[in-house]
file coords-v5.cif (mmCIF, C-alpha atoms)
data_run
loop_
_atom_site.label_atom_id
_atom_site.label_comp_id
_atom_site.auth_asym_id
_atom_site.auth_seq_id
_atom_site.Cartn_x
_atom_site.Cartn_y
_atom_site.Cartn_z
CA MET Z 114 13.94 -32.23 6.25
CA GLY Z 115 17.41 -32.63 7.72
CA GLN Z 116 20.38 -33.58 5.59
CA ASN Z 117 19.14 -33.99 2.05
CA SER Z 118 20.70 -36.87 0.21
CA ASN Z 119 19.36 -35.79 -3.19
CA ALA Z 120 22.18 -33.85 -4.84
CA PHE Z 121 19.78 -31.95 -7.14
CA ALA Z 122 17.62 -30.73 -4.28
CA ARG Z 123 20.52 -29.47 -2.20
CA GLY Z 124 20.67 -25.73 -1.72
CA LYS Z 125 16.97 -25.37 -2.45
CA LEU Z 126 13.96 -24.93 -0.26
CA GLY Z 127 11.48 -27.77 -0.34
CA SER Z 128 8.25 -27.19 -2.19
CA SER Z 129 6.22 -27.21 1.02
CA VAL Z 130 8.32 -24.55 2.73
CA PRO Z 131 6.45 -21.46 1.40
CA SER Z 132 3.02 -22.71 2.46
CA LEU Z 133 4.34 -23.73 5.88
CA MET Z 134 5.93 -20.30 6.25
CA LEU Z 135 2.65 -18.61 5.31
CA VAL Z 136 0.74 -20.56 7.95
CA GLY Z 137 3.53 -19.86 10.43
CA GLY Z 138 3.54 -16.13 9.68
CA LEU Z 139 -0.21 -15.83 10.10
CA ALA Z 140 -0.11 -17.86 13.32
CA LEU Z 141 2.73 -15.73 14.70
CA SER Z 142 0.89 -12.53 13.85
CA TRP Z 143 -2.33 -13.79 15.46
CA THR Z 144 -0.52 -14.88 18.58
CA LEU Z 145 1.19 -11.50 18.89
CA PHE Z 146 -2.09 -9.63 18.57
CA ALA Z 147 -3.88 -11.99 20.94
CA VAL Z 148 -1.16 -11.67 23.58
CA SER Z 149 -0.84 -7.90 23.31
CA ALA Z 150 -4.61 -7.32 23.32
CA PRO Z 151 -5.88 -5.29 26.28
CA ASN Z 152 -7.98 -7.26 28.75
CA ASP Z 153 -11.21 -5.76 27.56
CA SER Z 154 -14.28 -7.64 26.43
CA ASP Z 155 -15.10 -4.96 23.83
CA TYR Z 156 -11.74 -5.35 22.16
CA GLU Z 157 -11.89 -7.28 18.92
CA ILE Z 158 -8.88 -8.35 16.98
CA ASN Z 159 -9.00 -6.86 13.49
CA LEU Z 160 -8.49 -9.92 11.29
CA LEU Z 161 -7.49 -7.79 8.33
CA VAL Z 162 -4.64 -6.23 10.26
CA VAL Z 163 -3.63 -9.69 11.52
CA ALA Z 164 -3.56 -10.96 7.93
CA VAL Z 165 -1.53 -7.96 6.70
CA VAL Z 166 1.04 -8.31 9.47
CA GLY Z 167 1.15 -12.09 9.00
CA ILE Z 168 1.83 -11.72 5.31
CA ILE Z 169 4.60 -9.24 6.05
CA PHE Z 170 6.13 -11.80 8.48
CA PHE Z 171 5.79 -14.50 5.84
CA THR Z 172 7.39 -12.39 3.11
CA LEU Z 173 10.34 -11.29 5.22
CA GLY Z 174 10.78 -14.76 6.71
CA LEU Z 175 10.74 -16.58 3.41
CA PHE Z 176 13.01 -14.01 1.82
CA GLY Z 177 15.49 -14.25 4.68
CA LEU Z 178 15.45 -18.02 4.66
CA ALA Z 179 15.85 -18.12 0.89
CA VAL Z 180 18.80 -15.71 1.01
CA ARG Z 181 20.53 -18.05 3.47
CA VAL Z 182 19.69 -21.33 1.75
CA GLU Z 183 19.31 -20.53 -1.93
CA GLY Z 184 21.30 -17.35 -2.42
CA ARG Z 185 20.34 -13.81 -3.29
CA ARG Z 186 19.14 -14.33 -6.87
CA ARG Z 187 16.66 -17.07 -6.06
CA ALA Z 188 15.54 -15.19 -2.99
CA VAL Z 189 14.76 -12.11 -5.08
CA ASP Z 190 12.86 -14.37 -7.46
CA ARG Z 191 10.78 -15.67 -4.58
CA LEU Z 192 10.17 -12.15 -3.34
CA ALA Z 193 8.98 -11.09 -6.79
CA THR Z 194 6.64 -14.07 -6.96
CA ILE Z 195 5.13 -13.19 -3.60
CA LEU Z 196 4.70 -9.50 -4.47
CA VAL Z 197 3.16 -10.22 -7.87
CA THR Z 198 0.73 -12.73 -6.39
CA LEU Z 199 -0.10 -10.32 -3.58
CA ALA Z 200 -0.86 -7.58 -6.11
CA PHE Z 201 -3.48 -9.80 -7.67
CA PHE Z 202 -5.19 -10.59 -4.38
CA ILE Z 203 -5.07 -6.96 -3.29
CA ALA Z 204 -6.87 -6.08 -6.51
CA LEU Z 205 -9.55 -8.62 -5.73
CA THR Z 206 -10.34 -7.17 -2.30
CA PRO Z 207 -12.24 -4.11 -3.57
CA LEU Z 208 -14.19 -6.34 -5.94
CA ILE Z 209 -15.16 -8.76 -3.19
CA SER Z 210 -15.90 -5.94 -0.76
CA LEU Z 211 -18.03 -4.24 -3.41
CA ILE Z 212 -20.04 -7.35 -4.14
CA ILE Z 213 -20.59 -8.12 -0.44
CA THR Z 214 -21.60 -4.51 0.22
CA VAL Z 215 -23.97 -4.25 -2.69
CA VAL Z 216 -25.66 -7.56 -1.95
CA SER Z 217 -25.88 -7.20 1.83
CA LYS Z 218 -26.99 -3.56 1.84
CA ALA Z 219 -29.44 -4.03 -1.00
CA THR Z 220 -31.16 -7.00 0.59
CA LYS Z 221 -31.65 -5.13 3.87
CA SER Z 222 -34.57 -2.78 4.20
CA HIS Z 223 -32.48 0.08 5.61
CA LEU Z 224 -29.00 1.39 4.91
CA MET J 294 -4.67 -6.20 -62.50
CA THR J 295 -5.65 -5.81 -66.07
CA GLN J 296 -2.47 -7.39 -67.42
CA GLU J 297 -2.90 -10.87 -68.83
CA MET J 298 -0.38 -13.48 -67.86
CA GLY J 299 1.13 -15.22 -70.86
CA GLY J 300 0.75 -18.98 -70.95
CA PRO J 301 -0.67 -21.89 -72.81
CA THR J 302 -4.15 -21.37 -71.60
CA ALA J 303 -6.76 -22.55 -74.01
CA ILE J 304 -9.33 -20.07 -73.13
CA THR J 305 -8.01 -16.57 -72.73
CA PRO J 306 -10.62 -14.59 -70.96
CA PRO J 307 -11.30 -11.20 -72.40
CA ALA J 308 -9.49 -8.27 -70.86
CA ARG J 309 -10.69 -7.97 -67.34
CA PRO J 310 -13.50 -5.56 -66.99
CA LYS J 311 -12.92 -2.52 -64.91
CA VAL J 312 -12.97 -3.12 -61.19
CA VAL J 313 -16.58 -3.22 -60.23
CA VAL J 314 -17.36 -0.98 -57.33
CA ARG J 315 -19.96 -2.93 -55.48
CA VAL J 316 -22.60 -1.40 -53.31
CA GLY J 317 -20.99 -2.92 -50.23
CA ASP J 318 -17.64 -1.29 -51.00
CA ARG J 319 -19.25 2.07 -51.45
CA VAL J 320 -21.31 1.73 -48.29
CA PHE J 321 -18.29 0.67 -46.29
CA SER J 322 -15.90 3.34 -47.49
CA GLY J 323 -18.62 5.94 -47.19
CA SER J 324 -19.57 4.98 -43.66
CA ALA J 325 -15.95 4.68 -42.55
CA ARG J 326 -15.13 8.08 -43.93
CA GLY J 327 -18.35 9.46 -42.54
CA ALA J 328 -17.54 8.12 -39.09
CA GLY J 329 -14.08 9.69 -39.24
CA ILE J 330 -15.43 13.05 -40.31
CA PHE J 331 -18.22 12.82 -37.75
CA ILE J 332 -15.89 12.27 -34.83
CA LEU J 333 -13.73 15.21 -35.87
CA ALA J 334 -16.80 17.38 -36.32
CA MET J 335 -18.05 16.36 -32.87
CA LEU J 336 -14.69 17.20 -31.35
CA ALA J 337 -14.65 20.55 -33.11
CA ALA J 338 -18.21 21.22 -31.98
CA VAL J 339 -17.40 20.35 -28.38
CA SER J 340 -14.31 22.53 -28.26
CA GLY J 341 -16.13 25.30 -30.12
CA PHE J 342 -18.96 25.17 -27.61
CA LEU J 343 -16.57 25.16 -24.66
CA LEU J 344 -14.61 28.09 -26.10
CA LEU J 345 -17.69 30.14 -26.94
CA GLU J 346 -19.48 29.51 -23.68
CA GLY J 347 -16.40 29.60 -21.48
CA PHE J 348 -14.93 32.80 -22.89
CA PRO J 349 -17.44 35.21 -21.26
CA ALA J 350 -16.57 33.82 -17.82
CA ILE J 351 -12.87 34.43 -18.33
CA VAL J 352 -13.23 38.04 -19.42
CA ALA J 353 -16.14 38.98 -17.15
CA ASP J 354 -15.71 41.02 -14.00
CA PRO J 355 -15.32 38.50 -11.16
CA GLU J 356 -17.57 40.66 -9.00
CA ASP J 357 -20.51 39.77 -11.23
CA ILE J 358 -20.10 36.06 -10.70
CA SER J 359 -21.22 34.69 -7.36
CA LEU J 360 -19.35 31.41 -7.77
CA LEU J 361 -15.98 33.16 -7.94
CA SER J 362 -16.74 35.28 -4.85
CA GLY J 363 -14.60 38.15 -6.03
CA GLN J 364 -11.41 36.37 -7.03
CA SER J 365 -10.33 36.07 -10.63
CA PHE J 366 -11.26 33.01 -12.66
CA TRP J 367 -7.69 31.74 -12.73
CA LEU J 368 -7.37 31.94 -8.96
CA TRP J 369 -10.63 30.06 -8.65
CA VAL J 370 -9.72 27.34 -11.12
CA GLY J 371 -6.18 26.87 -9.81
CA PRO J 372 -7.08 24.70 -6.80
CA LEU J 373 -9.40 22.65 -9.00
CA VAL J 374 -6.66 21.97 -11.54
CA PHE J 375 -4.34 21.11 -8.68
CA GLY J 376 -6.93 18.81 -7.11
CA THR J 377 -7.57 17.09 -10.42
CA PHE J 378 -3.89 16.38 -10.93
CA TRP J 379 -3.27 15.56 -7.27
CA ALA J 380 -6.08 13.01 -6.97
CA SER J 381 -5.26 11.42 -10.34
CA ALA J 382 -1.54 11.27 -9.63
CA LEU J 383 -2.12 9.67 -6.23
CA GLY J 384 -4.54 7.20 -7.76
CA LEU J 385 -2.06 6.36 -10.49
CA LEU J 386 0.74 6.03 -7.95
CA VAL J 387 -1.26 3.34 -6.15
CA ALA J 388 -2.75 1.68 -9.21
CA PHE J 389 0.30 1.55 -11.45
CA PRO J 390 2.58 -0.84 -9.49
CA LEU J 391 -0.41 -2.97 -8.55
CA ALA J 392 -1.58 -3.16 -12.14
CA ILE J 393 1.86 -4.13 -13.40
CA GLY J 394 1.97 -6.84 -10.73
CA ILE J 395 -1.45 -8.15 -11.63
CA ALA J 396 -0.63 -8.11 -15.33
CA LEU J 397 2.57 -10.04 -14.67
CA PHE J 398 0.69 -12.46 -12.43
CA ILE J 399 -1.86 -13.17 -15.13
CA SER J 400 0.61 -13.29 -18.01
CA HIS J 401 3.59 -15.04 -16.41
CA TYR J 402 2.80 -16.44 -12.97
CA ALA J 403 -0.71 -17.83 -12.80
CA PRO J 404 -1.27 -21.41 -14.02
CA ARG J 405 -2.02 -21.22 -17.75
CA ARG J 406 -5.40 -22.89 -17.50
CA ILE J 407 -6.93 -20.38 -15.10
CA ALA J 408 -5.04 -17.28 -16.24
CA THR J 409 -7.73 -16.13 -18.65
CA THR J 410 -10.44 -16.54 -16.03
CA LEU J 411 -8.41 -14.49 -13.58
CA GLY J 412 -8.05 -11.86 -16.29
CA TYR J 413 -11.82 -11.67 -16.63
CA LEU J 414 -12.11 -11.30 -12.87
CA VAL J 415 -9.97 -8.17 -12.96
CA ASP J 416 -11.82 -6.89 -16.02
CA LEU J 417 -14.96 -7.20 -13.94
CA LEU J 418 -13.74 -4.21 -11.95
CA ALA J 419 -14.16 -2.11 -15.08
CA ALA J 420 -17.78 -3.21 -15.39
CA VAL J 421 -18.82 -1.61 -12.11
CA PRO J 422 -20.56 1.72 -12.72
CA SER J 423 -18.83 4.75 -11.23
CA VAL J 424 -21.86 5.63 -9.12
CA VAL J 425 -21.52 2.27 -7.39
CA TYR J 426 -17.84 3.03 -6.76
CA GLY J 427 -18.93 6.35 -5.32
CA LEU J 428 -21.37 4.66 -2.95
CA TRP J 429 -18.81 2.07 -1.98
CA GLY J 430 -16.15 4.70 -1.38
CA ALA J 431 -18.42 6.85 0.75
CA VAL J 432 -20.17 4.10 2.72
CA ILE J 433 -17.48 1.44 3.11
CA LEU J 434 -14.01 2.69 2.22
CA ALA J 435 -14.12 6.09 3.93
CA PRO J 436 -15.20 4.77 7.38
CA ALA J 437 -12.75 1.90 7.00
CA MET J 438 -9.87 4.28 6.26
CA GLN J 439 -10.71 6.75 9.03
CA PRO J 440 -8.94 4.89 11.89
CA LEU J 441 -5.89 4.57 9.66
CA TYR J 442 -5.90 8.34 9.12
CA VAL J 443 -6.01 8.90 12.87
CA TRP J 444 -3.12 6.50 13.27
CA LEU J 445 -1.17 8.22 10.48
CA GLU J 446 -1.71 11.61 12.12
CA ASP J 447 -0.53 10.32 15.51
CA ASN J 448 2.51 8.48 14.26
CA LEU J 449 3.57 10.13 11.00
CA GLY J 450 2.18 13.61 11.61
CA PHE J 451 5.59 15.20 11.06
CA ILE J 452 5.31 14.41 7.35
CA PRO J 453 3.35 17.24 5.68
CA PHE J 454 1.13 14.72 3.87
CA PHE J 455 -0.20 13.39 7.18
CA ALA J 456 -0.21 16.65 9.12
CA GLY J 457 -3.87 16.29 9.97
CA PRO J 458 -6.12 17.02 11.74
CA ALA J 459 -7.45 13.67 10.62
CA SER J 460 -10.86 13.80 8.98
CA GLY J 461 -13.68 12.48 11.12
CA THR J 462 -15.49 10.98 8.17
CA GLY J 463 -12.53 9.61 6.22
CA ARG J 464 -13.76 11.38 3.08
CA THR J 465 -10.36 12.75 2.19
CA ILE J 466 -8.43 13.17 -1.01
CA LEU J 467 -6.58 9.94 -0.24
CA THR J 468 -9.83 7.99 -0.07
CA ALA J 469 -10.92 9.55 -3.36
CA ALA J 470 -7.54 8.68 -4.86
CA LEU J 471 -7.91 5.07 -3.71
CA VAL J 472 -11.33 4.85 -5.34
CA LEU J 473 -9.79 6.30 -8.50
CA ALA J 474 -7.00 3.73 -8.23
CA VAL J 475 -9.51 0.90 -8.15
CA MET J 476 -11.28 2.40 -11.15
CA VAL J 477 -8.19 2.77 -13.34
CA LEU J 478 -6.69 -0.55 -12.25
CA PRO J 479 -8.55 -2.71 -14.81
CA ILE J 480 -7.57 -0.47 -17.75
CA ILE J 481 -3.88 -0.44 -16.91
CA THR J 482 -3.96 -4.17 -16.15
CA ALA J 483 -5.72 -5.10 -19.38
CA VAL J 484 -3.38 -3.09 -21.61
CA SER J 485 -0.16 -4.15 -19.92
CA ARG J 486 -1.31 -7.77 -19.75
CA GLU J 487 -1.74 -7.83 -23.52
CA VAL J 488 1.65 -6.17 -23.93
CA PHE J 489 3.34 -8.73 -21.67
CA LEU J 490 1.72 -11.60 -23.54
CA GLN J 491 3.23 -10.29 -26.77
CA THR J 492 6.79 -10.61 -25.53
CA PRO J 493 8.62 -12.79 -28.05
CA VAL J 494 8.74 -16.28 -26.55
CA LEU J 495 12.18 -16.76 -28.11
CA TYR J 496 13.64 -13.97 -25.97
CA GLU J 497 12.00 -15.33 -22.83
CA GLU J 498 13.28 -18.82 -23.43
CA ALA J 499 16.72 -17.49 -24.29
CA ALA J 500 16.85 -15.67 -20.96
CA LEU J 501 15.72 -18.74 -19.07
CA ALA J 502 18.19 -20.91 -20.97
CA LEU J 503 20.99 -18.60 -19.89
CA GLY J 504 20.08 -19.40 -16.31
CA ALA J 505 17.93 -16.41 -15.43
CA THR J 506 15.32 -16.87 -12.76
CA ARG J 507 11.75 -16.03 -13.68
CA TRP J 508 12.03 -12.57 -12.18
CA GLU J 509 15.33 -11.91 -13.98
CA MET J 510 13.69 -13.01 -17.22
CA ILE J 511 10.85 -10.55 -16.60
CA ARG J 512 13.23 -7.75 -15.69
CA THR J 513 15.53 -8.24 -18.63
CA VAL J 514 13.05 -9.20 -21.35
CA VAL J 515 9.38 -8.67 -20.57
CA LEU J 516 9.56 -5.21 -19.02
CA PRO J 517 11.97 -3.62 -21.54
CA VAL J 518 10.05 -5.01 -24.51
CA GLY J 519 6.76 -3.84 -23.07
CA ARG J 520 7.93 -0.42 -21.93
CA GLY J 521 6.02 1.58 -24.53
CA GLY J 522 2.85 -0.35 -23.81
CA ILE J 523 3.23 0.09 -20.07
CA ILE J 524 3.66 3.84 -20.45
CA SER J 525 0.63 4.15 -22.68
CA ALA J 526 -1.39 2.00 -20.27
CA ALA J 527 -0.50 4.36 -17.45
CA MET J 528 -1.44 7.36 -19.54
CA LEU J 529 -4.78 5.83 -20.47
CA GLY J 530 -5.43 5.23 -16.79
CA LEU J 531 -4.43 8.79 -16.01
CA GLY J 532 -6.81 10.03 -18.68
CA ARG J 533 -9.67 8.17 -17.07
CA ALA J 534 -8.76 9.32 -13.58
CA LEU J 535 -8.60 12.96 -14.70
CA GLY J 536 -12.12 12.91 -16.06
CA GLU J 537 -13.73 10.80 -13.36
CA THR J 538 -16.64 12.72 -11.93
CA LEU J 539 -19.23 10.93 -9.92
CA ALA J 540 -17.08 8.78 -7.67
CA VAL J 541 -14.97 11.75 -6.63
CA ALA J 542 -18.02 13.95 -6.17
CA MET J 543 -19.62 11.37 -3.89
CA VAL J 544 -16.55 10.46 -1.86
CA LEU J 545 -14.65 13.70 -1.44
CA SER J 546 -15.65 16.38 1.02
CA ALA J 547 -14.09 19.29 -0.77
CA THR J 548 -13.19 22.89 -0.12
CA GLY J 549 -11.47 24.96 -2.76
CA VAL J 550 -7.95 24.94 -1.37
CA ILE J 551 -4.53 23.83 -2.49
CA SER J 552 -3.27 21.44 0.17
CA LEU J 553 -0.86 18.56 0.20
CA ASN J 554 -2.50 17.18 3.33
CA LEU J 555 -3.88 13.75 2.49
CA ILE J 556 -5.92 13.00 5.58
CA SER J 557 -7.64 16.20 6.68
CA SER J 558 -11.22 17.23 6.01
CA VAL J 559 -9.99 20.23 4.01
CA ASN J 560 -9.40 18.94 0.52
CA PRO J 561 -9.07 20.37 -2.97
CA SER J 562 -11.88 19.37 -5.31
CA THR J 563 -11.43 18.19 -8.87
CA ILE J 564 -12.72 20.00 -11.95
CA ALA J 565 -15.17 17.30 -12.98
CA ALA J 566 -16.56 16.71 -9.50
CA ASN J 567 -16.90 20.45 -8.95
CA VAL J 568 -18.86 20.88 -12.18
CA ALA J 569 -21.17 18.03 -11.24
CA LEU J 570 -21.81 19.41 -7.77
CA SER J 571 -22.15 23.09 -8.69
CA PHE J 572 -24.03 22.81 -11.96
CA PRO J 573 -27.56 22.15 -10.63
CA GLU J 574 -27.69 25.49 -8.83
CA ALA J 575 -25.61 27.52 -11.24
CA TYR J 576 -27.23 30.41 -13.12
CA GLY J 577 -26.12 33.14 -15.51
CA LEU J 578 -22.39 33.61 -15.77
CA ASN J 579 -21.79 30.89 -13.17
CA VAL J 580 -22.69 28.37 -15.84
CA ASN J 581 -20.04 29.92 -18.06
CA VAL J 582 -17.50 29.67 -15.30
CA LEU J 583 -18.18 25.96 -14.96
CA ILE J 584 -17.98 25.50 -18.71
CA ALA J 585 -14.67 27.35 -18.77
CA SER J 586 -13.33 24.97 -16.12
CA GLY J 587 -14.61 22.13 -18.33
CA LEU J 588 -12.61 23.64 -21.19
CA ILE J 589 -9.49 23.43 -19.08
CA LEU J 590 -10.20 19.81 -18.19
CA PHE J 591 -10.79 19.09 -21.87
CA ALA J 592 -7.42 20.64 -22.74
CA ILE J 593 -5.64 18.69 -19.97
CA THR J 594 -7.16 15.38 -21.01
CA LEU J 595 -6.40 16.07 -24.67
CA VAL J 596 -2.75 16.76 -23.86
CA VAL J 597 -2.43 13.65 -21.67
CA ASN J 598 -3.97 11.40 -24.30
CA SER J 599 -1.93 12.94 -27.13
CA VAL J 600 1.26 12.43 -25.18
CA ALA J 601 0.25 8.81 -24.59
CA ARG J 602 -0.41 8.29 -28.32
CA TRP J 603 2.86 9.94 -29.20
CA ILE J 604 4.80 7.71 -26.82
CA VAL J 605 3.10 4.58 -28.11
CA ASN J 606 3.77 5.49 -31.72
CA ARG J 607 7.35 6.41 -31.03
CA ARG J 608 7.91 3.15 -29.19
CA SER J 609 6.02 0.83 -31.50
CA GLU J 610 8.90 0.47 -33.92
CA PHE J 611 11.20 -0.85 -31.20
CA SER J 612 8.62 -3.12 -29.65
CA GLY J 613 10.80 -6.19 -30.10
CA ALA J 614 7.99 -7.94 -31.90
CA ASN J 615 9.76 -7.21 -35.17
#
call {"tool": "encode", "arguments": {"input": "coords-v5.cif", "output": "structure tokens"}}
result
Amino acid sequence: MGQNSNAFARGKLGSSVPSLMLVGGLALSWTLFAVSAPNDSDYEINLLVVAVVGIIFFTLGLFGLAVRVEGRRRAVDRLATILVTLAFFIALTPLISLIITVVSKATKSHL
Amino acid sequence: MTQEMGGPTAITPPARPKVVVRVGDRVFSGSARGAGIFILAMLAAVSGFLLLEGFPAIVADPEDISLLSGQSFWLWVGPLVFGTFWASALGLLVAFPLAIGIALFISHYAPRRIATTLGYLVDLLAAVPSVVYGLWGAVILAPAMQPLYVWLEDNLGFIPFFAGPASGTGRTILTAALVLAVMVLPIITAVSREVFLQTPVLYEEAALALGATRWEMIRTVVLPVGRGGIISAAMLGLGRALGETLAVAMVLSATGVISLNLISSVNPSTIAANVALSFPEAYGLNVNVLIASGLILFAITLVVNSVARWIVNRRSEFSGAN
């Protein structure tokens, strides 16, 4: 990135920033959980919790960055976009869970 | 219709014959009217049945009815009414913001080409039978939520809602409310999505042209214009949640208490679930007691749906589409 010479792109986040932030947030969350995990072979990291925390990191991080670079109004717009998109994927989780459950439990011979 | 237009027409047809009532017209108007009368008659029959059969339970001596175990009917039905409202309200509280978000995502955020497909995906949630939701809630969701309840009790136990003791099975009112939320989600989403799509494009473009961001455009145009529709969508969802029987009956481990505690194993039941669970072994006046509680549910649902209709009708004239 660095100093942007394009006058129209100044004061805006690049189009790749959100996806990089998402990857970064998830990685940060995973690292935190992996580091803080007790030294116990039975302990498994709950990937769902990692994802939830990572997405929270991503949302706050992107919002904070956008407030600094783009100003409050655009930052709120980004926040709304994230929340609205999240709502959709949250709604899909029960559907996916349902389908996986029904198929996996029904194809087994016992509950 | 019968007036002839003046003009230099060579052939003036004879005065139009009387409007012929064709068989199709008669069949259609008859069947439409019949359907209308039929639905009213059904409604009257249902409420008449509920009143006739429920009345004996209300006036009978509570000592004669084993289900009531000595307390009056109103004391018995109170926790059920509370549980019905409590579970539905919690479900709506979870489902409503989510549904608005999903509807906005499909109508204003998702790429146009795949938006309709995504809409179908959410509608798919409505196609799942409630018994499957019940199984899913009891077998998957409840055990999955249980550790969270323990955590909530340990860390947020000072809030009355999470006072605990945390249920060991996870079959609490909150789990039931979440299942209800998933069940009402597609209805609220579908209605509000259609409402959002009807926002006048001119207003949206005007907002954007004035420099509004997408979210500001939604906040200043889409949401105000769709307010009536959003409210009615929520009420429709509430109506479904109030009457939902099987999923609640399968998920919730219920005792007849009034309790705000969301995570304990002592939960209020709902009217519909209670009827479903108690009916098979009910006899004599117990049946009447259950029917009387059904009458109350019927009245509640009727009121909720009428209020929704009233709001929609009141709002429709300001919908912005005119």
call {"tool": "atom_distance", "arguments": {"input": "coords-v5.cif", "atom1": "CA of Pro207 (chain Z)", "atom2": "CA of Gly138 (chain Z)"}}
result
23.9 Å
call {"tool": "interface_residues", "arguments": {"input": "coords-v5.cif", "of": "chain Z", "to": "chain J", "cutoff": "7 Å", "atoms": "all atoms listed in the file", "output": "list in words"}}
result
Arg187, Asp190, Ala193, Val197, Thr198, Ala200, Phe201, Leu208 and Leu211 of chain Z
call {"tool": "write_last_selection", "arguments": {"input": "coords-v5.cif", "atoms": "C-alpha atoms", "output": "PDB file, in the coordinates of the input"}}
result
ATOM      1  CA  ARG Z 187      16.660 -17.070  -6.060  1.00  0.00           C
ATOM      2  CA  ASP Z 190      12.860 -14.370  -7.460  1.00  0.00           C
ATOM      3  CA  ALA Z 193       8.980 -11.090  -6.790  1.00  0.00           C
ATOM      4  CA  VAL Z 197       3.160 -10.220  -7.870  1.00  0.00           C
ATOM      5  CA  THR Z 198       0.730 -12.730  -6.390  1.00  0.00           C
ATOM      6  CA  ALA Z 200      -0.860  -7.580  -6.110  1.00  0.00           C
ATOM      7  CA  PHE Z 201      -3.480  -9.800  -7.670  1.00  0.00           C
ATOM      8  CA  LEU Z 208     -14.190  -6.340  -5.940  1.00  0.00           C
ATOM      9  CA  LEU Z 211     -18.030  -4.240  -3.410  1.00  0.00           C
TER      10      LEU Z 211
END
call {"tool": "atom_distance", "arguments": {"input": "coords-v5.cif", "atom1": "CA of Ala147 (chain Z)", "atom2": "CA of Pro440 (chain J)"}}
result
19.8 Å
call {"tool": "resolve_selection", "arguments": {"input": "coords-v5.cif", "expression": "the PyMOL selection byres ((chain J and resi 431) around 12)", "output": "VMD selection string"}}
result
(chain Z and resid 211 214) or (chain J and resid 424 to 430 432 to 439 462 to 466 468 to 469 471 to 472 539 to 546)
call {"tool": "write_last_selection", "arguments": {"input": "coords-v5.cif", "atoms": "C-alpha atoms", "output": "compact mmCIF listing (two decimals), keeping the file's coordinate frame"}}
result
# COMPACT_ATOMS: atom_id res chain seq x y z
CA LEU Z 211 -18.03 -4.24 -3.41
CA THR Z 214 -21.60 -4.51 0.22
CA VAL J 424 -21.86 5.63 -9.12
CA VAL J 425 -21.52 2.27 -7.39
CA TYR J 426 -17.84 3.03 -6.76
CA GLY J 427 -18.93 6.35 -5.32
CA LEU J 428 -21.37 4.66 -2.95
CA TRP J 429 -18.81 2.07 -1.98
CA GLY J 430 -16.15 4.70 -1.38
CA VAL J 432 -20.17 4.10 2.72
CA ILE J 433 -17.48 1.44 3.11
CA LEU J 434 -14.01 2.69 2.22
CA ALA J 435 -14.12 6.09 3.93
CA PRO J 436 -15.20 4.77 7.38
CA ALA J 437 -12.75 1.90 7.00
CA MET J 438 -9.87 4.28 6.26
CA GLN J 439 -10.71 6.75 9.03
CA THR J 462 -15.49 10.98 8.17
CA GLY J 463 -12.53 9.61 6.22
CA ARG J 464 -13.76 11.38 3.08
CA THR J 465 -10.36 12.75 2.19
CA ILE J 466 -8.43 13.17 -1.01
CA THR J 468 -9.83 7.99 -0.07
CA ALA J 469 -10.92 9.55 -3.36
CA LEU J 471 -7.91 5.07 -3.71
CA VAL J 472 -11.33 4.85 -5.34
CA LEU J 539 -19.23 10.93 -9.92
CA ALA J 540 -17.08 8.78 -7.67
CA VAL J 541 -14.97 11.75 -6.63
CA ALA J 542 -18.02 13.95 -6.17
CA MET J 543 -19.62 11.37 -3.89
CA VAL J 544 -16.55 10.46 -1.86
CA LEU J 545 -14.65 13.70 -1.44
CA SER J 546 -15.65 16.38 1.02
call {"tool": "resolve_selection", "arguments": {"input": "coords-v5.cif", "expression": "the PyMOL selection byres ((chain J and resi 547) around 8)", "output": "ChimeraX atom specification"}}
result
/J:545-546,548-549,558-562
